[in-house]
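Note: the block below is run.txt and it holds compact mmCIF, C-alpha atoms and all ligand atoms.
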```
# COMPACT_ATOMS: atom_id res chain seq x y z
CA MET A 625 -0.63 75.19 -9.05
CA LEU A 626 1.76 74.13 -6.29
CA ILE A 627 2.27 70.52 -5.22
CA SER A 628 0.68 69.80 -1.89
CA HIS A 629 2.41 67.84 0.84
CA GLU A 630 -0.34 65.24 0.45
CA ALA A 631 0.33 64.78 -3.28
CA ILE A 632 4.04 64.34 -2.57
CA GLU A 633 3.29 61.67 0.03
CA ILE A 634 1.09 59.74 -2.46
CA LEU A 635 3.79 59.97 -5.14
CA LYS A 636 6.41 58.67 -2.68
CA GLU A 637 4.16 55.76 -1.82
CA LYS A 638 3.32 54.99 -5.47
CA PHE A 639 6.85 55.25 -6.89
CA GLY A 640 9.06 54.44 -3.87
CA LYS A 641 12.75 55.13 -4.56
CA LYS A 642 11.88 56.25 -8.10
CA CYS A 643 10.38 59.37 -6.55
CA GLN A 644 13.01 61.89 -5.43
CA LEU A 645 12.55 65.34 -3.96
CA ASN A 646 14.45 68.55 -4.71
CA LEU A 647 16.98 66.85 -6.96
CA ALA A 648 19.12 69.04 -9.25
CA LEU A 649 18.23 68.57 -12.92
CA ALA A 650 21.64 69.58 -14.31
CA PRO A 651 22.96 65.97 -14.38
CA PHE A 652 19.90 64.94 -16.42
CA THR A 653 20.60 67.46 -19.16
CA THR A 654 23.37 67.38 -21.77
CA ALA A 655 24.21 71.05 -21.08
CA GLN A 656 24.61 70.19 -17.38
CA VAL A 657 22.55 73.21 -16.34
CA GLY A 658 19.48 73.56 -14.13
CA GLY A 659 18.25 73.66 -10.57
CA PRO A 660 16.10 71.14 -8.71
CA ALA A 661 12.79 69.56 -9.59
CA LYS A 662 10.35 69.70 -6.71
CA VAL A 663 9.62 66.05 -7.49
CA LEU A 664 11.54 63.82 -9.92
CA ILE A 665 9.97 60.51 -10.89
CA THR A 666 11.97 58.05 -12.96
CA VAL A 667 9.82 55.71 -15.05
CA ASN A 668 11.32 52.57 -16.56
CA ASN A 669 8.44 51.37 -18.68
CA ARG A 670 5.36 52.50 -20.60
CA GLU A 671 2.98 51.54 -17.76
CA SER A 672 4.76 53.62 -15.11
CA LEU A 673 4.91 56.53 -17.56
CA ILE A 674 1.11 56.31 -17.91
CA ASP A 675 0.73 56.06 -14.11
CA ALA A 676 2.88 59.10 -13.43
CA ILE A 677 1.31 61.30 -16.08
CA LYS A 678 -2.25 60.36 -15.14
CA PHE A 679 -1.53 61.23 -11.52
CA CYS A 680 -0.31 64.68 -12.59
CA TRP A 681 -3.37 65.26 -14.78
CA GLU A 682 -5.87 64.00 -12.20
CA ASN A 683 -4.36 66.25 -9.54
CA ASP A 684 -3.73 69.20 -11.83
CA LEU A 685 0.00 69.22 -11.02
CA PRO A 686 2.54 71.10 -13.13
CA TYR A 687 4.72 68.52 -14.90
CA LYS A 688 7.42 68.14 -17.52
CA ILE A 689 8.53 65.02 -19.37
CA LEU A 690 12.29 64.82 -19.68
CA GLY A 691 13.96 62.42 -22.11
CA SER A 692 17.71 62.85 -22.42
CA GLY A 693 17.43 66.56 -21.64
CA SER A 694 19.40 67.29 -24.81
CA ASN A 695 17.13 70.00 -26.19
CA VAL A 696 16.23 71.94 -23.05
CA LEU A 697 17.72 74.74 -20.98
CA VAL A 698 16.53 74.37 -17.39
CA HIS A 699 16.28 77.46 -15.18
CA GLU A 700 18.71 77.88 -12.30
CA ASP A 701 15.75 77.78 -9.87
CA GLY A 702 14.69 74.45 -11.35
CA PHE A 703 11.13 73.30 -11.99
CA ASN A 704 8.48 73.76 -9.33
CA GLY A 705 6.49 70.67 -10.27
CA VAL A 706 6.86 67.01 -11.22
CA VAL A 707 9.59 66.10 -13.70
CA ILE A 708 9.00 62.67 -15.22
CA LEU A 709 12.31 61.22 -16.35
CA ASN A 710 11.41 58.83 -19.15
CA ARG A 711 13.57 55.71 -19.17
CA SER A 712 11.02 53.36 -20.81
CA LYS A 713 13.26 51.82 -23.43
CA ASN A 714 11.95 48.64 -24.96
CA ILE A 715 13.04 48.18 -28.61
CA VAL A 716 11.75 45.39 -30.88
CA CYS A 717 12.93 45.11 -34.51
CA ASN A 718 10.77 43.23 -37.02
CA ILE A 719 12.70 42.66 -40.24
CA ASP A 720 9.95 40.39 -41.64
CA LYS A 721 7.42 43.19 -42.05
CA ASN A 722 7.24 44.99 -45.34
CA PRO A 723 8.67 47.59 -44.88
CA PRO A 724 10.65 46.41 -41.83
CA GLU A 725 9.43 47.94 -38.57
CA ILE A 726 10.83 48.89 -35.19
CA TYR A 727 8.61 49.15 -32.10
CA VAL A 728 10.10 51.56 -29.59
CA GLU A 729 9.09 52.87 -26.20
CA SER A 730 9.45 56.61 -26.00
CA GLY A 731 12.37 56.69 -23.58
CA ALA A 732 14.60 54.58 -25.85
CA ASN A 733 17.77 56.31 -26.93
CA LEU A 734 17.58 57.36 -30.57
CA SER A 735 21.13 56.37 -31.49
CA LEU A 736 20.71 52.99 -29.77
CA VAL A 737 17.55 52.36 -31.82
CA ALA A 738 19.48 53.20 -35.01
CA ARG A 739 22.32 50.86 -34.03
CA LYS A 740 20.02 47.97 -33.05
CA ALA A 741 18.12 48.33 -36.32
CA ALA A 742 21.37 48.37 -38.29
CA LEU A 743 22.57 45.16 -36.63
CA VAL A 744 19.55 43.22 -37.94
CA GLY A 745 19.72 44.83 -41.39
CA ILE A 746 17.14 47.61 -41.04
CA ALA A 747 18.46 50.75 -42.74
CA GLY A 748 17.05 54.27 -42.88
CA LEU A 749 17.89 55.50 -39.39
CA GLU A 750 21.56 56.17 -40.02
CA TRP A 751 20.90 59.93 -39.67
CA ALA A 752 19.84 59.33 -36.07
CA ALA A 753 22.94 57.47 -34.92
CA THR A 754 24.64 60.59 -33.59
CA ILE A 755 21.73 62.32 -31.87
CA PRO A 756 21.76 61.99 -28.06
CA GLY A 757 17.98 62.29 -27.48
CA THR A 758 15.19 59.82 -26.79
CA ILE A 759 12.55 58.67 -29.26
CA GLY A 760 9.95 60.79 -27.39
CA GLY A 761 12.02 63.95 -27.69
CA ALA A 762 12.80 63.21 -31.34
CA ILE A 763 9.15 62.61 -32.28
CA TYR A 764 8.07 65.70 -30.36
CA GLY A 765 10.63 67.98 -32.01
CA ASN A 766 11.01 66.22 -35.38
CA ALA A 767 14.72 65.68 -34.78
CA GLY A 768 16.74 65.27 -37.92
CA ALA A 769 20.14 65.37 -39.57
CA HIS A 770 21.83 64.61 -42.88
CA GLN A 771 18.78 65.53 -44.98
CA SER A 772 16.43 63.29 -43.04
CA ASP A 773 14.27 63.53 -39.95
CA MET A 774 11.74 61.70 -37.80
CA SER A 775 8.90 62.37 -40.25
CA HIS A 776 10.64 60.06 -42.77
CA ASN A 777 10.61 57.10 -40.36
CA LEU A 778 7.45 57.44 -38.34
CA ILE A 779 4.53 55.12 -39.14
CA LEU A 780 2.47 55.43 -35.95
CA VAL A 781 2.90 57.14 -32.62
CA GLU A 782 1.03 56.06 -29.51
CA ILE A 783 -0.18 59.09 -27.59
CA LEU A 784 -1.90 59.45 -24.25
CA GLN A 785 -4.16 62.48 -24.19
CA GLN A 786 -6.09 63.74 -21.23
CA LEU A 787 -7.36 60.79 -19.20
CA SER A 788 -8.67 58.68 -22.08
CA GLU A 789 -7.17 55.49 -23.51
CA PRO A 790 -4.03 55.87 -25.68
CA VAL A 791 -4.60 56.62 -29.37
CA TYR A 792 -2.44 56.08 -32.46
CA TRP A 793 -1.60 58.99 -34.73
CA ASN A 794 -0.06 58.64 -38.16
CA VAL A 795 2.67 60.89 -39.47
CA GLU A 796 0.17 63.33 -41.08
CA GLN A 797 -1.54 63.85 -37.73
CA MET A 798 1.78 64.97 -36.23
CA GLU A 799 1.74 67.96 -38.68
CA TYR A 800 5.50 67.95 -39.00
CA SER A 801 7.61 70.86 -40.17
CA TYR A 802 11.28 71.70 -39.71
CA ARG A 803 12.17 70.69 -36.10
CA CYS A 804 8.53 70.97 -35.09
CA SER A 805 5.34 68.95 -34.63
CA VAL A 806 1.80 69.80 -33.62
CA LEU A 807 2.70 68.79 -30.04
CA LYS A 808 5.53 71.33 -29.93
CA ARG A 809 3.66 74.04 -31.86
CA LYS A 810 0.49 73.85 -29.77
CA PRO A 811 1.41 72.72 -26.24
CA GLN A 812 -1.28 70.34 -24.97
CA LYS A 813 -1.88 67.50 -22.55
CA ALA A 814 -0.33 64.74 -24.66
CA VAL A 815 2.46 62.30 -23.97
CA ILE A 816 4.26 60.07 -26.44
CA LEU A 817 4.25 56.50 -25.12
CA SER A 818 5.68 54.48 -27.99
CA ALA A 819 6.02 54.44 -31.75
CA ILE A 820 6.37 52.23 -34.78
CA LEU A 821 9.15 53.31 -37.11
CA LYS A 822 9.93 52.08 -40.59
CA GLY A 823 13.17 51.41 -42.39
CA PHE A 824 14.29 49.40 -45.38
CA ARG A 825 16.32 46.21 -45.78
CA ASP A 826 20.04 46.47 -46.42
CA ASN A 827 23.28 44.70 -45.66
CA PRO A 828 24.35 45.51 -42.05
CA GLU A 829 27.87 46.28 -43.28
CA GLU A 830 26.59 48.84 -45.78
CA ILE A 831 24.44 50.45 -43.08
CA GLN A 832 27.45 50.55 -40.77
CA LYS A 833 29.55 52.22 -43.48
CA ARG A 834 27.00 54.99 -43.99
CA THR A 835 26.65 55.46 -40.22
CA LYS A 836 30.43 55.79 -39.85
CA THR A 837 30.52 58.46 -42.55
CA PHE A 838 27.97 60.49 -40.61
CA ILE A 839 29.81 59.96 -37.31
CA ASN A 840 33.11 61.06 -38.86
CA TYR A 841 31.46 64.12 -40.40
CA ARG A 842 30.12 65.09 -36.96
CA LYS A 843 33.49 64.61 -35.33
CA LYS A 844 35.02 67.02 -37.85
CA THR A 845 32.30 69.67 -37.75
CA GLN A 846 30.89 69.67 -34.21
CA PRO A 847 32.50 70.18 -30.81
CA THR A 848 32.40 67.70 -27.96
CA GLY A 849 31.55 68.94 -24.45
CA ALA A 850 28.38 69.88 -22.64
CA SER A 851 25.85 71.56 -24.93
CA MET A 852 22.32 71.29 -26.32
CA GLY A 853 23.46 70.77 -29.91
CA SER A 854 22.16 73.53 -32.17
CA MET A 855 20.91 76.50 -30.17
CA PHE A 856 18.93 78.16 -33.00
CA LYS A 857 16.88 76.87 -35.91
CA ASN A 858 18.36 77.53 -39.33
CA PRO A 859 16.51 80.49 -40.85
CA PRO A 860 15.00 79.83 -44.30
CA GLY A 861 17.76 79.51 -46.92
CA ASP A 862 20.62 79.99 -44.48
CA PHE A 863 22.42 78.46 -41.51
CA ALA A 864 22.33 79.86 -37.98
CA GLY A 865 25.94 78.72 -37.49
CA ARG A 866 27.12 80.56 -40.62
CA LEU A 867 25.40 83.79 -39.54
CA ILE A 868 26.81 83.64 -36.00
CA GLU A 869 30.29 82.95 -37.34
CA SER A 870 30.03 85.76 -39.92
CA ALA A 871 28.97 88.11 -37.13
CA GLY A 872 32.37 87.40 -35.56
CA LEU A 873 30.92 85.67 -32.51
CA LYS A 874 32.87 82.40 -32.48
CA GLY A 875 34.63 82.05 -29.13
CA THR A 876 32.46 84.73 -27.45
CA SER A 877 31.79 83.94 -23.77
CA VAL A 878 29.35 85.08 -21.13
CA GLY A 879 30.12 83.72 -17.68
CA GLY A 880 30.73 80.00 -18.13
CA VAL A 881 29.21 79.60 -21.60
CA THR A 882 31.04 80.01 -24.90
CA VAL A 883 30.09 80.04 -28.58
CA SER A 884 32.01 77.06 -29.95
CA SER A 885 34.94 77.90 -32.18
CA ILE A 886 34.23 74.72 -34.17
CA HIS A 887 30.49 75.18 -34.81
CA ALA A 888 29.04 78.60 -33.94
CA ASN A 889 25.52 77.27 -33.33
CA PHE A 890 26.79 75.17 -30.40
CA PHE A 891 27.02 76.98 -27.05
CA LEU A 892 29.32 75.07 -24.74
CA ASN A 893 29.07 74.94 -20.98
CA SER A 894 32.78 75.54 -20.63
CA GLU A 895 32.93 76.48 -16.97
CA ARG A 896 29.99 75.86 -14.64
CA ALA A 897 27.61 77.95 -16.74
CA THR A 898 24.28 79.05 -15.30
CA SER A 899 20.98 79.34 -17.17
CA ASN A 900 21.42 83.09 -16.85
CA ASP A 901 24.79 82.94 -18.64
CA TYR A 902 23.05 81.03 -21.43
CA LEU A 903 20.23 83.58 -21.68
CA LYS A 904 22.65 86.50 -21.84
CA LEU A 905 24.67 84.83 -24.59
CA ILE A 906 21.49 83.93 -26.50
CA GLN A 907 20.37 87.58 -26.32
CA LEU A 908 23.77 88.87 -27.38
CA VAL A 909 23.88 86.53 -30.39
CA GLN A 910 20.28 87.29 -31.43
CA LYS A 911 20.93 91.04 -31.19
CA THR A 912 24.26 90.99 -33.04
CA VAL A 913 22.99 88.76 -35.86
CA TYR A 914 19.89 90.94 -36.24
CA GLU A 915 21.93 94.15 -36.38
CA LYS A 916 24.32 92.75 -39.00
CA PHE A 917 21.97 90.71 -41.20
CA GLU A 918 18.40 91.64 -40.17
CA VAL A 919 17.70 87.98 -39.47
CA ASN A 920 15.79 86.83 -36.39
CA LEU A 921 17.23 83.68 -34.89
CA ASP A 922 14.55 81.52 -33.25
CA LEU A 923 15.52 79.09 -30.54
CA GLU A 924 15.61 75.42 -31.45
CA ILE A 925 15.99 74.48 -27.80
CA GLU A 926 13.21 74.82 -25.22
CA LEU A 927 13.29 76.75 -21.95
CA VAL A 928 12.09 74.85 -18.88
CA GLY A 929 11.14 76.51 -15.58
CA PHE A 930 11.18 80.04 -17.06
CA PRO A 931 8.21 82.43 -16.83
CA GLU A 932 5.91 81.67 -19.79
CA GLN A 933 6.11 85.07 -21.46
CA SER A 934 9.90 85.25 -21.43
CA SER A 935 10.01 81.70 -22.86
CA GLN A 936 7.78 82.70 -25.77
CA ASN A 937 9.78 85.84 -26.50
CA PHE A 938 13.12 84.05 -26.50
CA GLN A 939 11.76 81.22 -28.58
CA SER A 940 10.78 83.56 -31.38
CA GLY A 941 13.84 85.77 -31.15
CA THR A 942 11.89 88.89 -30.16
CA ILE A 943 13.84 89.83 -27.04
CA ARG A 944 16.74 92.16 -27.69
CA LEU A 945 19.13 93.83 -25.26
C1 LIG B 1 25.62 67.07 -29.09
C2 LIG B 1 24.21 67.21 -29.57
C3 LIG B 1 23.91 67.01 -30.91
C4 LIG B 1 22.59 67.14 -31.36
N1 LIG B 1 22.34 66.94 -32.69
C5 LIG B 1 21.07 67.05 -33.13
C6 LIG B 1 20.77 66.84 -34.52
O1 LIG B 1 21.61 66.54 -35.34
N2 LIG B 1 19.47 66.98 -34.92
C7 LIG B 1 18.48 67.30 -34.04
O2 LIG B 1 17.32 67.38 -34.47
N3 LIG B 1 18.74 67.51 -32.73
C8 LIG B 1 19.99 67.39 -32.26
N4 LIG B 1 20.26 67.61 -30.93
C9 LIG B 1 19.17 68.02 -30.03
C10 LIG B 1 18.46 66.87 -29.32
O3 LIG B 1 19.30 65.75 -29.15
C11 LIG B 1 17.19 66.44 -30.06
O4 LIG B 1 16.31 67.53 -30.19
C12 LIG B 1 16.47 65.31 -29.34
O5 LIG B 1 15.46 64.81 -30.17
C13 LIG B 1 15.85 65.73 -28.00
O6 LIG B 1 15.43 64.55 -27.31
P1 LIG B 1 15.46 64.47 -25.72
O7 LIG B 1 14.99 63.13 -25.33
O8 LIG B 1 16.77 64.89 -25.21
O9 LIG B 1 14.37 65.57 -25.38
P2 LIG B 1 14.36 66.51 -24.09
O10 LIG B 1 15.41 67.56 -24.25
O11 LIG B 1 14.40 65.70 -22.87
O12 LIG B 1 12.93 67.18 -24.26
C14 LIG B 1 12.66 68.04 -25.35
C15 LIG B 1 11.15 68.29 -25.42
O13 LIG B 1 10.49 67.07 -25.78
C16 LIG B 1 9.46 66.78 -24.84
N5 LIG B 1 9.35 65.33 -24.71
C17 LIG B 1 10.34 64.44 -24.49
N6 LIG B 1 9.84 63.19 -24.41
C18 LIG B 1 8.51 63.30 -24.58
C19 LIG B 1 7.43 62.36 -24.59
N7 LIG B 1 7.64 61.06 -24.39
N8 LIG B 1 6.17 62.82 -24.78
C20 LIG B 1 5.95 64.15 -24.97
N9 LIG B 1 6.93 65.08 -24.97
C21 LIG B 1 8.19 64.66 -24.78
C22 LIG B 1 9.97 67.42 -23.54
O14 LIG B 1 8.92 67.61 -22.61
C23 LIG B 1 10.56 68.70 -24.06
O15 LIG B 1 9.54 69.65 -24.27
C24 LIG B 1 21.56 67.48 -30.44
C25 LIG B 1 21.86 67.66 -29.09
C26 LIG B 1 23.17 67.54 -28.65
C27 LIG B 1 23.47 67.72 -27.19
```
Could you express the structure from this file as structure tokens?
Ligand SMILES: Cc1cc2nc3c(=O)[nH]c(=O)nc-3n(C[C@H](O)[C@H](O)[C@H](O)COP(=O)(O)OP(=O)(O)OC[C@H]3O[C@@H](n4cnc5c(N)ncnc54)[C@H](O)[C@@H]3O)c2cc1C
Amino acid sequence: MLISHEAIEILKEKFGKKCQLNLALAPFTTAQVGGPAKVLITVNNRESLIDAIKFCWENDLPYKILGSGSNVLVHEDGFNGVVILNRSKNIVCNIDKNPPEIYVESGANLSLVARKAALVGIAGLEWAATIPGTIGGAIYGNAGAHQSDMSHNLILVEILQQLSEPVYWNVEQMEYSYRCSVLKRKPQKAVILSAILKGFRDNPEEIQKRTKTFINYRKKTQPTGASMGSMFKNPPGDFAGRLIESAGLKGTSVGGVTVSSIHANFFLNSERATSNDYLKLIQLVQKTVYEKFEVNLDLEIELVGFPEQSSQNFQSGTIRL
């Protein structure tokens, strides 16, 4: 479904300067890759997020919610629909609840939430302090690190489905598994508006110490530079990074993208990489690892703006050169 001129005019009127046309998405992604969105709407609070999404649903417009763009590879041709850039970021910590709770809007930055919680003595989110995504992206993909993940902290998530009133799901309803939720597994009309997270009480200095240990570990083991973090999920009982390294692929480049020599599961945009460079390197790595170890590497990242079938094939590691 294409966006009509009329729909664009209504969006411009509704969202004013927050509605931009044909804007490149690369600067809104951590890999710095991707062509323009037909329409880009920036929402700064929960209400405008609801407004924007309902408009897309009512008018049957293709849409994509973008948080920090840290887990997506956007096609060079961009996205021929409405991209809703979620910047709703209210955070309220309540240390008096038992267990202590944090209310967060879905566009809040995950590491900022962890730091704010730590300052008031709410522990349990230290694992999240180094992840560059939003709460929405983290709840959607069950982001995690250091033996923890979103499923350990989530109490309730507020979800808008179809055109009804928002509903609250508990952690069981999210059907979490490794880096996955029911929303990611079975794509559907559902948007994460806000959430209530839990932690536990601890001395802010102790929390800070643990956070620093994680930050230092990251600095030692992961590269800086434009990337999407881990490209592939770890296969059962192994590590994607270990397999890629053992296949001799560290430092391998295609066009402007390179397999990091520090962590082989990070693909760095080292020199104006295109989405096509990324795809070629993904294919090369999947093929080489399969030939050497008979292991399929499934994408952890998501493809945006790609034809649906090729997205599915890449996601499950079934495309080979
Ligand atoms: C340097 C680096 C390190 C990283 N380290 C880790 C790590 O340790 N652990 C880890 O798990 N990940 C890691 N990541 C990946 C990434 O940060 C996480 O997956 C993060 O949770 C993605 O959030 P986002 O806001 O960037 O999502 P986006 O990339 O913007 O979107 C990802 C998906 O979530 C959907 N989505 C986003 N918001 C909503 C919403 N409100 N409602 C419904 N759907 C939504 C999008 O539509 C899209 O399908 C890393 C990335 C980088 C660049």
Closest atom pairs, stretch 757-871 of chain A residues within 10 Å of stretch 662-672 of chain A, all atoms listed in the file, as JSON lines:
```
{"residue": "A:Ile816", "atom": "CA", "partner": "A:Arg670", "partner_atom": "CA", "distance": 9.6}
{"residue": "A:Leu817", "atom": "CA", "partner": "A:Arg670", "partner_atom": "CA", "distance": 6.1}
{"residue": "A:Ser818", "atom": "CA", "partner": "A:Arg670", "partner_atom": "CA", "distance": 7.7}
```
- prompt: Which protein, DNA or RNA residues have an atom at most 12 Å from (6.2, 60.8, -39.0), counting all atoms listed in the file? List them as a PyMOL selection string.
  reply: chain A and resi 759+762-768+772-782+792-801+803-806+819-822
Now that the selection is made, can you save its residues with C-alpha atoms as a compact mmCIF listing (two decimals), in the coordinates of the input?
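So the final result, stored in result03.txt, reads:
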```txt
# COMPACT_ATOMS: atom_id res chain seq x y z
CA ILE A 759 12.55 58.67 -29.26
CA ALA A 762 12.80 63.21 -31.34
CA ILE A 763 9.15 62.61 -32.28
CA TYR A 764 8.07 65.70 -30.36
CA GLY A 765 10.63 67.98 -32.01
CA ASN A 766 11.01 66.22 -35.38
CA ALA A 767 14.72 65.68 -34.78
CA GLY A 768 16.74 65.27 -37.92
CA SER A 772 16.43 63.29 -43.04
CA ASP A 773 14.27 63.53 -39.95
CA MET A 774 11.74 61.70 -37.80
CA SER A 775 8.90 62.37 -40.25
CA HIS A 776 10.64 60.06 -42.77
CA ASN A 777 10.61 57.10 -40.36
CA LEU A 778 7.45 57.44 -38.34
CA ILE A 779 4.53 55.12 -39.14
CA LEU A 780 2.47 55.43 -35.95
CA VAL A 781 2.90 57.14 -32.62
CA GLU A 782 1.03 56.06 -29.51
CA TYR A 792 -2.44 56.08 -32.46
CA TRP A 793 -1.60 58.99 -34.73
CA ASN A 794 -0.06 58.64 -38.16
CA VAL A 795 2.67 60.89 -39.47
CA GLU A 796 0.17 63.33 -41.08
CA GLN A 797 -1.54 63.85 -37.73
CA MET A 798 1.78 64.97 -36.23
CA GLU A 799 1.74 67.96 -38.68
CA TYR A 800 5.50 67.95 -39.00
CA SER A 801 7.61 70.86 -40.17
CA ARG A 803 12.17 70.69 -36.10
CA CYS A 804 8.53 70.97 -35.09
CA SER A 805 5.34 68.95 -34.63
CA VAL A 806 1.80 69.80 -33.62
CA ALA A 819 6.02 54.44 -31.75
CA ILE A 820 6.37 52.23 -34.78
CA LEU A 821 9.15 53.31 -37.11
CA LYS A 822 9.93 52.08 -40.59
```
field: Neighbour list for A:Thr654 as JSON, numbers by chain, cut-off 12 Å, all atoms listed in the file, skip fewer than 6 positions in-chain
entry: {"A": [690, 691, 692, 693, 694, 695, 696, 697, 698, 755, 756, 757, 848, 849, 850, 851, 852, 853, 891, 892, 893, 925]}
- request: Find the residue from A:Gly823, A:Asp684, A:Gln771, A:Ile632 that sits nearest to A:Ile719; use only C-alpha atoms when measuring.
  value: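 Looking at the shortest contact to A:Ile719, the residue is A:Gly823.
Atom CA of A:Phe838 to atom CA of A:Trp751 spans 7.2 Å [interatomic distance, one decimal].
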message: So, with all atoms listed in the file as the atoms that count, which of A:Ala752, A:Ala676, A:Leu743, A:Val919 lies closest to A:Asp826?
response: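 Of A:Ala752, A:Ala676, A:Leu743, A:Val919, the one nearest A:Asp826 is A:Leu743, counting all atoms listed in the file.
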field: Nearest to A:Leu807, chosen from A:Cys717, A:Leu867, A:Leu734, A:Leu784, with all atoms listed in the file counted in the distances
entry: A:Leu784
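Excluding A:Lys836 itself and any same-chain residue fewer than 5 positions from it, the protein and nucleic acid residues within 10 Å of it, counting only C-alpha atoms, are Glu750, Ala753, Thr754, Glu830, Ile831, Tyr841 and Arg842 of chain A.
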- prompt: So which one's closest to A:Lys808, A:Pro660, A:Gly879, A:Gly761, A:Gly702? Using all atoms listed in the file, please.
  reply: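 The closest residue to A:Lys808 is A:Gly761.
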Proximity to ligand LIG 1 (chain B) - best of A:Ile886, A:Leu673, A:Val791, A:Val744, only C-alpha atoms and all ligand atoms: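 Checking each candidate against ligand LIG 1 (chain B), we get A:Leu673 as the closest.
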- request: Please check which residues have atoms at most 8 Å from (8.4, 67.2, -17.8) in the file's coordinates, counting all atoms listed in the file, and write them as a list in words.
  value: Tyr687, Lys688, Ile689, Leu690, Val706, Val707, Ile708 and Leu709 of chain A
message: I'd like the interatomic distance between atom CA of A:Pro724 and atom C16 of ligand LIG 1 (chain B), to a tenth of an Å.
response: 26.6 Å
query: atom CA of A:Gly640 and atom CA of A:Gln786, how far apart in Å?
result: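 Straight-line distance from atom CA of A:Gln786 to atom CA of A:Gly640 works out to 24.8 Å.
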